[in-house]
>>> print(open('query-v7.csv').read())   # CSV, C-alpha atoms
chain,number,residue,atom,x,y,z
V,282,MET,CA,-109.0,50.5,213.7
V,283,LEU,CA,-109.8,52.0,217.1
V,284,ASP,CA,-107.8,50.5,219.9
V,285,PHE,CA,-110.8,49.2,221.9
V,286,GLN,CA,-109.9,47.4,225.1
V,287,ARG,CA,-111.8,45.8,228.0
V,288,PRO,CA,-112.4,48.3,230.7
V,289,GLN,CA,-110.0,48.2,233.6
V,290,LEU,CA,-110.7,49.0,237.2
V,291,SER,CA,-107.9,51.6,237.1
V,292,GLN,CA,-110.0,53.5,234.5
V,293,LYS,CA,-113.0,53.9,236.7
V,294,ASP,CA,-112.3,57.4,238.0
V,295,ASP,CA,-111.3,58.8,234.6
V,296,TYR,CA,-114.3,57.2,233.0
V,297,GLU,CA,-116.8,58.5,235.5
V,298,ARG,CA,-115.4,62.1,235.3
V,299,VAL,CA,-116.5,61.9,231.7
V,300,LEU,CA,-119.8,60.2,232.4
V,301,PHE,CA,-120.9,62.5,235.2
V,302,SER,CA,-120.2,65.6,233.1
V,303,CYS,CA,-122.6,64.4,230.4
V,304,PRO,CA,-126.4,64.7,230.5
V,305,PRO,CA,-128.0,61.6,232.2
V,306,ARG,CA,-127.7,58.4,230.2
V,307,GLY,CA,-128.9,54.8,230.2
V,308,CYS,CA,-127.8,52.1,232.5
V,309,GLU,CA,-125.4,50.6,229.9
V,310,TYR,CA,-123.1,53.5,230.5
V,311,SER,CA,-122.5,52.6,234.1
V,312,PHE,CA,-118.9,51.6,234.6
V,313,ALA,CA,-120.0,48.6,236.6
V,314,ASN,CA,-122.2,47.4,233.8
V,315,LEU,CA,-119.4,47.9,231.2
V,316,TYR,CA,-117.0,46.0,233.4
V,317,LEU,CA,-119.4,43.2,234.4
V,318,TRP,CA,-121.4,42.3,231.3
V,319,GLY,CA,-120.3,40.4,228.3
V,320,ARG,CA,-117.8,41.6,225.7
V,321,GLN,CA,-117.7,45.4,226.3
V,322,GLN,CA,-114.8,47.5,225.2
V,323,LEU,CA,-113.9,51.2,225.3
V,324,VAL,CA,-111.3,53.7,224.2
V,325,PHE,CA,-110.6,57.3,225.2
V,326,THR,CA,-110.2,59.4,222.1
V,327,HIS,CA,-110.7,63.0,221.0
V,328,GLY,CA,-111.6,64.0,224.6
V,329,CYS,CA,-114.5,61.4,224.5
V,330,VAL,CA,-115.1,57.8,225.3
V,331,ALA,CA,-116.0,55.5,222.4
V,332,PHE,CA,-117.5,52.0,222.9
V,333,PHE,CA,-117.5,48.6,221.1
V,334,SER,CA,-119.9,45.9,222.3
V,335,HIS,CA,-121.4,42.6,221.2
V,336,PHE,CA,-125.2,42.3,221.7
V,337,ASN,CA,-127.3,39.2,220.7
V,338,GLY,CA,-124.6,38.1,218.2
V,339,ARG,CA,-124.2,41.6,216.7
V,340,SER,CA,-121.3,44.0,217.0
V,341,VAL,CA,-122.5,47.5,217.9
V,342,TYR,CA,-121.1,50.9,218.9
V,343,PRO,CA,-122.9,52.6,221.8
V,344,TYR,CA,-123.1,56.3,221.2
V,345,PRO,CA,-119.8,58.0,222.3
V,346,ILE,CA,-119.9,60.3,225.4
V,347,GLY,CA,-117.8,63.3,226.4
V,348,ASP,CA,-117.3,67.0,225.8
V,349,GLY,CA,-114.6,66.5,223.1
V,350,ASP,CA,-115.0,66.1,219.4
V,351,ARG,CA,-117.8,63.6,219.1
V,352,ARG,CA,-118.2,64.1,215.4
V,353,ALA,CA,-114.6,63.0,215.0
V,354,VAL,CA,-115.3,60.0,217.1
V,355,ILE,CA,-118.3,59.1,214.9
V,356,GLU,CA,-116.1,59.4,211.8
V,357,GLU,CA,-113.6,57.0,213.5
V,358,ILE,CA,-116.4,54.6,214.3
V,359,LEU,CA,-117.5,54.6,210.6
V,360,LEU,CA,-113.9,53.8,209.6
V,361,ASP,CA,-113.5,51.2,212.3
V,362,ALA,CA,-116.6,49.3,211.1
V,363,LYS,CA,-115.5,49.5,207.5
V,364,GLN,CA,-112.0,48.1,208.4
V,365,ARG,CA,-113.6,45.3,210.5
V,366,GLY,CA,-115.9,44.5,207.6
V,367,ILE,CA,-119.0,44.8,209.8
V,368,PRO,CA,-122.2,46.9,209.5
V,369,CYS,CA,-122.1,50.1,211.4
V,370,ARG,CA,-124.8,50.1,214.1
V,371,ILE,CA,-124.8,52.9,216.6
V,372,VAL,CA,-126.9,52.1,219.7
V,373,SER,CA,-128.1,53.5,223.0
V,374,MET,CA,-128.9,56.8,221.5
V,375,THR,CA,-131.1,59.4,223.2
V,376,ALA,CA,-133.3,61.8,221.2
V,377,ALA,CA,-130.5,64.4,221.5
V,378,ASP,CA,-127.9,61.9,220.2
V,379,GLN,CA,-130.1,61.2,217.2
V,380,ALA,CA,-130.7,64.8,216.4
V,381,GLU,CA,-126.9,65.4,216.7
V,382,LEU,CA,-126.0,62.5,214.4
V,383,GLN,CA,-128.7,63.5,211.9
V,384,GLY,CA,-127.3,67.1,211.9
V,385,TRP,CA,-123.8,65.9,211.2
V,386,PHE,CA,-124.6,63.2,208.7
V,387,PRO,CA,-128.0,64.1,207.0
V,388,ASP,CA,-129.7,61.0,205.5
V,389,LYS,CA,-126.6,58.8,206.1
V,390,PHE,CA,-128.4,56.7,208.8
V,391,LEU,CA,-131.7,55.0,209.3
V,392,TYR,CA,-133.2,55.0,212.8
V,393,ARG,CA,-135.4,52.8,214.9
V,394,ALA,CA,-136.6,52.9,218.5
V,395,ASP,CA,-135.3,50.2,220.8
V,396,ARG,CA,-138.2,49.7,223.2
V,397,ASP,CA,-136.8,46.6,224.8
V,398,SER,CA,-133.8,48.6,226.1
V,399,TYR,CA,-135.7,51.5,227.6
V,400,ASP,CA,-134.7,52.1,231.2
V,401,TYR,CA,-137.3,52.4,233.9
V,402,VAL,CA,-136.5,55.3,236.2
V,403,TYR,CA,-138.3,55.8,239.5
V,404,SER,CA,-138.6,58.6,242.0
V,405,VAL,CA,-136.6,57.5,245.1
V,406,ASP,CA,-139.3,59.0,247.3
V,407,ASP,CA,-142.0,56.9,245.5
V,408,LEU,CA,-140.1,53.7,246.1
V,409,ALA,CA,-139.1,54.6,249.7
V,410,ASP,CA,-142.5,55.7,250.8
V,411,LEU,CA,-145.0,53.9,248.6
V,412,LYS,CA,-147.6,56.5,249.2
V,413,GLY,CA,-151.0,56.8,247.5
V,414,ARG,CA,-153.5,54.5,245.8
V,415,LYS,CA,-151.1,53.6,243.0
V,416,PHE,CA,-148.7,51.9,245.4
V,417,GLN,CA,-151.3,50.2,247.6
V,418,LYS,CA,-150.6,46.7,246.4
V,419,LYS,CA,-146.8,47.2,246.9
V,420,ARG,CA,-147.4,48.7,250.3
V,421,ASN,CA,-149.5,45.7,251.2
V,422,HIS,CA,-146.7,43.3,250.2
V,423,VAL,CA,-144.2,45.3,252.2
V,424,ASN,CA,-146.5,45.5,255.3
V,425,HIS,CA,-147.1,41.7,255.1
V,426,PHE,CA,-143.4,41.0,254.9
V,427,ARG,CA,-142.7,43.3,257.9
V,428,ALA,CA,-145.5,41.6,259.9
V,429,GLU,CA,-144.3,38.0,259.0
V,430,HIS,CA,-140.6,38.9,259.5
V,431,SER,CA,-140.6,41.4,262.4
V,432,GLN,CA,-137.0,40.6,263.3
V,433,PHE,CA,-135.6,41.4,259.9
V,434,GLU,CA,-132.7,43.8,259.4
V,435,LEU,CA,-131.3,45.7,256.5
V,436,GLN,CA,-127.5,45.3,256.6
V,437,ASN,CA,-124.7,46.5,254.3
V,438,LEU,CA,-122.9,43.7,252.5
V,439,THR,CA,-119.8,43.1,254.7
V,440,GLY,CA,-117.3,40.4,255.5
V,441,GLY,CA,-119.7,39.0,258.0
V,442,ASN,CA,-122.6,38.3,255.6
V,443,PHE,CA,-120.7,38.2,252.2
V,444,SER,CA,-120.4,34.4,251.8
V,445,ALA,CA,-124.0,33.9,252.9
V,446,ALA,CA,-125.2,36.4,250.3
V,447,GLN,CA,-123.2,34.6,247.6
V,448,ARG,CA,-124.7,31.3,248.6
V,449,MET,CA,-128.2,32.7,248.6
V,450,VAL,CA,-127.7,34.2,245.1
V,451,GLY,CA,-126.1,31.0,243.8
V,452,GLU,CA,-129.1,28.9,245.0
V,453,TRP,CA,-131.4,31.4,243.3
V,454,TYR,CA,-129.7,31.0,240.0
V,455,ARG,CA,-129.5,27.2,240.3
V,456,ALA,CA,-133.2,27.0,241.0
V,457,ARG,CA,-134.1,29.3,238.2
V,458,MET,CA,-131.9,27.5,235.6
V,459,GLN,CA,-133.3,24.1,236.7
V,460,ALA,CA,-136.9,25.4,236.4
V,461,ASP,CA,-136.3,27.2,233.1
V,462,PRO,CA,-133.4,25.7,231.3
V,463,THR,CA,-134.0,27.9,228.2
V,464,GLY,CA,-134.1,31.1,230.2
V,465,ASP,CA,-131.2,33.6,229.8
V,466,TYR,CA,-129.8,33.4,233.3
V,467,MET,CA,-126.2,32.3,232.6
V,468,MET,CA,-124.9,35.7,231.5
V,469,GLU,CA,-126.5,37.4,234.5
V,470,SER,CA,-125.2,34.8,236.9
V,471,ILE,CA,-121.7,35.4,235.5
V,472,ALA,CA,-122.1,39.2,235.8
V,473,MET,CA,-123.3,39.0,239.4
V,474,SER,CA,-120.5,36.6,240.3
V,475,ARG,CA,-118.0,39.1,238.9
V,476,ALA,CA,-119.8,41.8,240.9
V,477,PHE,CA,-119.1,39.9,244.1
V,478,ARG,CA,-115.5,39.2,243.1
V,479,HIS,CA,-114.8,42.8,242.3
V,480,TYR,CA,-117.1,44.5,244.8
V,481,GLU,CA,-114.6,46.8,246.4
V,482,GLY,CA,-112.8,47.7,243.1
V,483,LEU,CA,-116.1,48.7,241.5
V,484,GLN,CA,-117.1,50.6,244.7
V,485,MET,CA,-120.5,48.9,244.6
V,486,GLU,CA,-123.2,49.6,247.1
V,487,SER,CA,-125.3,46.7,248.4
V,488,ALA,CA,-127.7,45.6,251.1
V,489,VAL,CA,-129.1,42.4,252.4
V,490,LEU,CA,-132.3,41.6,254.2
V,491,VAL,CA,-131.4,39.3,257.1
V,492,GLU,CA,-133.5,37.5,259.7
V,493,ASN,CA,-131.9,35.4,262.4
V,494,GLY,CA,-128.7,35.2,260.4
V,495,GLU,CA,-130.5,34.0,257.2
V,496,ILE,CA,-130.2,36.0,254.0
V,497,LEU,CA,-133.7,36.7,252.5
V,498,ALA,CA,-132.7,39.2,249.8
V,499,VAL,CA,-129.8,40.9,248.2
V,500,THR,CA,-129.6,44.1,246.1
V,501,MET,CA,-126.6,45.8,244.5
V,502,GLY,CA,-125.9,48.9,242.5
V,503,SER,CA,-123.8,52.0,241.9
V,504,ARG,CA,-124.1,55.7,241.0
V,505,LEU,CA,-125.0,56.4,237.4
V,506,TRP,CA,-125.2,60.2,237.7
V,507,SER,CA,-125.1,62.9,240.4
V,508,ASP,CA,-128.9,62.4,241.2
V,509,THR,CA,-129.4,58.8,239.9
V,510,PHE,CA,-128.5,55.4,241.4
V,511,ASP,CA,-128.5,52.3,239.2
V,512,ILE,CA,-129.9,49.1,240.6
V,513,HIS,CA,-127.9,46.4,238.9
V,514,PHE,CA,-129.1,43.3,240.7
V,515,GLU,CA,-131.9,42.4,243.0
V,516,LYS,CA,-132.5,38.8,244.2
V,517,ALA,CA,-134.9,37.5,246.9
V,518,ARG,CA,-135.9,34.1,248.2
V,519,GLU,CA,-138.9,32.9,246.2
V,520,ASP,CA,-140.4,31.3,249.3
V,521,VAL,CA,-140.5,34.5,251.3
V,522,ASP,CA,-143.6,36.5,250.4
V,523,GLY,CA,-143.0,40.2,249.9
V,524,ALA,CA,-139.2,39.9,250.0
V,525,TYR,CA,-138.7,41.6,246.7
V,526,ALA,CA,-141.0,44.5,247.5
V,527,ALA,CA,-139.4,44.9,250.9
V,528,VAL,CA,-135.8,45.0,249.8
V,529,ASN,CA,-136.7,47.4,247.0
V,530,CYS,CA,-138.4,49.7,249.6
V,531,GLU,CA,-135.8,49.4,252.3
V,532,PHE,CA,-132.8,50.0,249.9
V,533,ALA,CA,-134.5,53.1,248.5
V,534,ARG,CA,-134.9,54.4,252.1
V,535,TYR,CA,-131.2,53.6,252.9
V,536,LEU,CA,-130.0,55.4,249.7
V,537,ARG,CA,-132.2,58.4,250.2
V,538,LEU,CA,-130.8,58.9,253.7
V,539,LYS,CA,-127.2,58.3,252.6
V,540,TYR,CA,-127.4,60.6,249.5
V,541,PRO,CA,-129.6,63.6,250.2
V,542,ASN,CA,-129.2,64.8,246.6
V,543,LEU,CA,-130.5,61.5,245.1
V,544,ARG,CA,-133.7,61.8,243.1
V,545,TYR,CA,-134.0,58.7,241.0
V,546,LEU,CA,-133.4,55.0,240.9
V,547,ASN,CA,-132.7,53.5,237.5
V,548,ARG,CA,-133.9,49.9,237.6
V,549,GLU,CA,-132.7,49.2,234.1
V,550,ASP,CA,-134.6,47.7,231.1
V,551,ASP,CA,-136.9,44.7,230.7
V,552,VAL,CA,-135.0,43.1,227.7
V,553,GLY,CA,-138.4,42.6,226.0
V,554,LEU,CA,-139.7,40.0,228.6
V,555,ALA,CA,-143.4,40.5,229.1
V,556,GLY,CA,-143.4,39.4,232.7
V,557,LEU,CA,-140.5,41.7,233.6
V,558,ARG,CA,-142.1,44.6,231.7
V,559,LYS,CA,-145.3,44.1,233.7
V,560,ALA,CA,-143.4,44.0,237.0
V,561,LYS,CA,-141.4,47.2,236.2
V,562,LEU,CA,-144.5,49.1,235.1
V,563,SER,CA,-146.3,48.1,238.3
V,564,TYR,CA,-143.9,50.3,240.2
V,565,ASN,CA,-145.1,53.4,238.3
V,566,PRO,CA,-141.9,54.7,236.8
V,567,HIS,CA,-141.3,58.5,236.9
V,568,HIS,CA,-139.9,58.4,233.4
V,569,MET,CA,-138.2,56.1,230.9
V,570,VAL,CA,-134.8,56.5,229.3
V,571,GLU,CA,-135.8,56.1,225.6
V,572,LYS,CA,-133.1,54.8,223.3
V,573,SER,CA,-132.7,54.1,219.6
V,574,TRP,CA,-130.4,52.5,217.1
V,575,ALA,CA,-128.9,54.1,214.0
V,576,TYR,CA,-128.0,52.0,211.0
V,577,LEU,CA,-125.7,53.2,208.2
V,578,ALA,CA,-128.1,53.3,205.3
V,579,GLU,CA,-125.7,51.6,202.9
V,580,ASP,CA,-125.3,48.6,205.4
V,581,PHE,CA,-129.0,48.1,206.1
V,582,HIS,CA,-130.5,44.8,204.9
V,583,GLY,CA,-133.5,44.5,207.2
V,584,ASP,CA,-131.4,43.8,210.3
>>> encode(input="query-v7.csv", output="structure tokens")
Amino acid sequence: MLDFQRPQLSQKDDYERVLFSCPPRGCEYSFANLYLWGRQQLVFTHGCVAFFSHFNGRSVYPYPIGDGDRRAVIEEILLDAKQRGIPCRIVSMTAADQAELQGWFPDKFLYRADRDSYDYVYSVDDLADLKGRKFQKKRNHVNHFRAEHSQFELQNLTGGNFSAAQRMVGEWYRARMQADPTGDYMMESIAMSRAFRHYEGLQMESAVLVENGEILAVTMGSRLWSDTFDIHFEKAREDVDGAYAAVNCEFARYLRLKYPNLRYLNREDDVGLAGLRKAKLSYNPHHMVEKSWAYLAEDFHGD
């Protein structure tokens, strides 16, 4: 079997050299997401990176990345699944990945689109400027926030506000889990807690909205590609009208100024939640990162 291991912080630079040399990919390939979420594993092999993950009770293989021998990696994945006695499911595939796989293994796989995992990718200029009629409602929310909280500041996450930001986020999760005990907040709360704990090692970027020493919102992310920044987490006080729209806009402005080559913000997927999908569509994405699953035909039983 492939020697999959949990990602280590010491692998970050080597991994990102591979990732950033590839065509743009979805948010699940961010090193931070690999490190923070669930049971993610990887291995460097054949000049590529292969992955093994567990998603909604299923074991899956995100499509390998790298300029090496990807076909050899796929063959190793097929053998690995057989040795583990599990169905071979290859996920997070772009259209180019699917065409490549079909070319190498004609009719060996069945394919389906995975709409719930499509990433929403926005123009950084759109989110920073909120120009035009299509952003009027968002602009109104931000303007209302600025009028009501004229003393607010956007600050980097530092030792001076770190503990306060953690407390604000902890209170956010406690309130959500109390209001919606069946909601899937536990895994995200664990991931965000790890993000705080390993903030420096992951080289995360973050900002907080502060007014009179009080944290109103927190946002956190990392580079996903040379022109794309991935927003991993965004939390705001529910009792502060416009705080979400404001931190979204202010962080986009900050990132645009810091990274002149930045073009896009990836705000990740909606996991199939209707309310989240509506909210993400309301920001008028520039494009979506479409993804699909491949099932080994001989393993397929209506999964």
>>> atom_distance(input="query-v7.csv", atom1="CA of Phe426 in chain V", atom2="CA of Ala527 in chain V")
6.9 Å
>>> residues_around(input="query-v7.csv", residues="range 462-468 of chain V", least_positions_apart="5", cutoff="9 Å", atoms="all atoms listed in the file", output="PyMOL selection string")
chain V and resi 318-319+454+457+473
>>> write_last_selection(input="query-v7.csv", atoms="C-alpha atoms", output="PDB file, in the frame of the given file")
ATOM      1  CA  TRP V 318    -121.400  42.300 231.300  1.00  0.00           C
ATOM      2  CA  GLY V 319    -120.300  40.400 228.300  1.00  0.00           C
ATOM      3  CA  TYR V 454    -129.700  31.000 240.000  1.00  0.00           C
ATOM      4  CA  ARG V 457    -134.100  29.300 238.200  1.00  0.00           C
ATOM      5  CA  MET V 473    -123.300  39.000 239.400  1.00  0.00           C
TER       6      MET V 473
END
>>> residues_around(input="query-v7.csv", residues="Gly494 in chain V", least_positions_apart="6", cutoff="12 Å", atoms="all atoms listed in the file", output="number ranges by chain")
V: 432-436, 441-446
>>> atom_distance(input="query-v7.csv", atom1="CA of Leu490 in chain V", atom2="CA of His425 in chain V")
14.8 Å
>>> closest_atom_pairs(input="query-v7.csv", of="range 328-423 of chain V", to="range 559-579 of chain V", cutoff="7 Å", atoms="only C-alpha atoms", output="Markdown table")
| residue | atom | partner | partner_atom | distance |
| --- | --- | --- | --- | --- |
| V:Cys369 | CA | V:Leu577 | CA | 5.7 |
| V:Arg370 | CA | V:Tyr576 | CA | 4.8 |
| V:Ile371 | CA | V:Ala575 | CA | 5.0 |
| V:Val372 | CA | V:Trp574 | CA | 4.4 |
| V:Ser373 | CA | V:Lys572 | CA | 5.2 |
| V:Met374 | CA | V:Lys572 | CA | 5.0 |
| V:Thr375 | CA | V:Lys572 | CA | 5.0 |
| V:Lys389 | CA | V:Ala578 | CA | 5.8 |
| V:Phe390 | CA | V:Leu577 | CA | 4.5 |
| V:Leu391 | CA | V:Tyr576 | CA | 5.1 |
| V:Tyr392 | CA | V:Ala575 | CA | 4.6 |
| V:Arg393 | CA | V:Trp574 | CA | 5.5 |
| V:Ala394 | CA | V:Ser573 | CA | 4.2 |
| V:Asp395 | CA | V:Ser573 | CA | 4.8 |
| V:Ser398 | CA | V:Lys572 | CA | 6.8 |
| V:Tyr399 | CA | V:Glu571 | CA | 5.0 |
| V:Asp400 | CA | V:Val570 | CA | 4.8 |
| V:Tyr401 | CA | V:Met569 | CA | 4.8 |
| V:Val402 | CA | V:His568 | CA | 5.4 |
| V:Tyr403 | CA | V:Pro566 | CA | 4.6 |
| V:Ser404 | CA | V:His567 | CA | 5.8 |
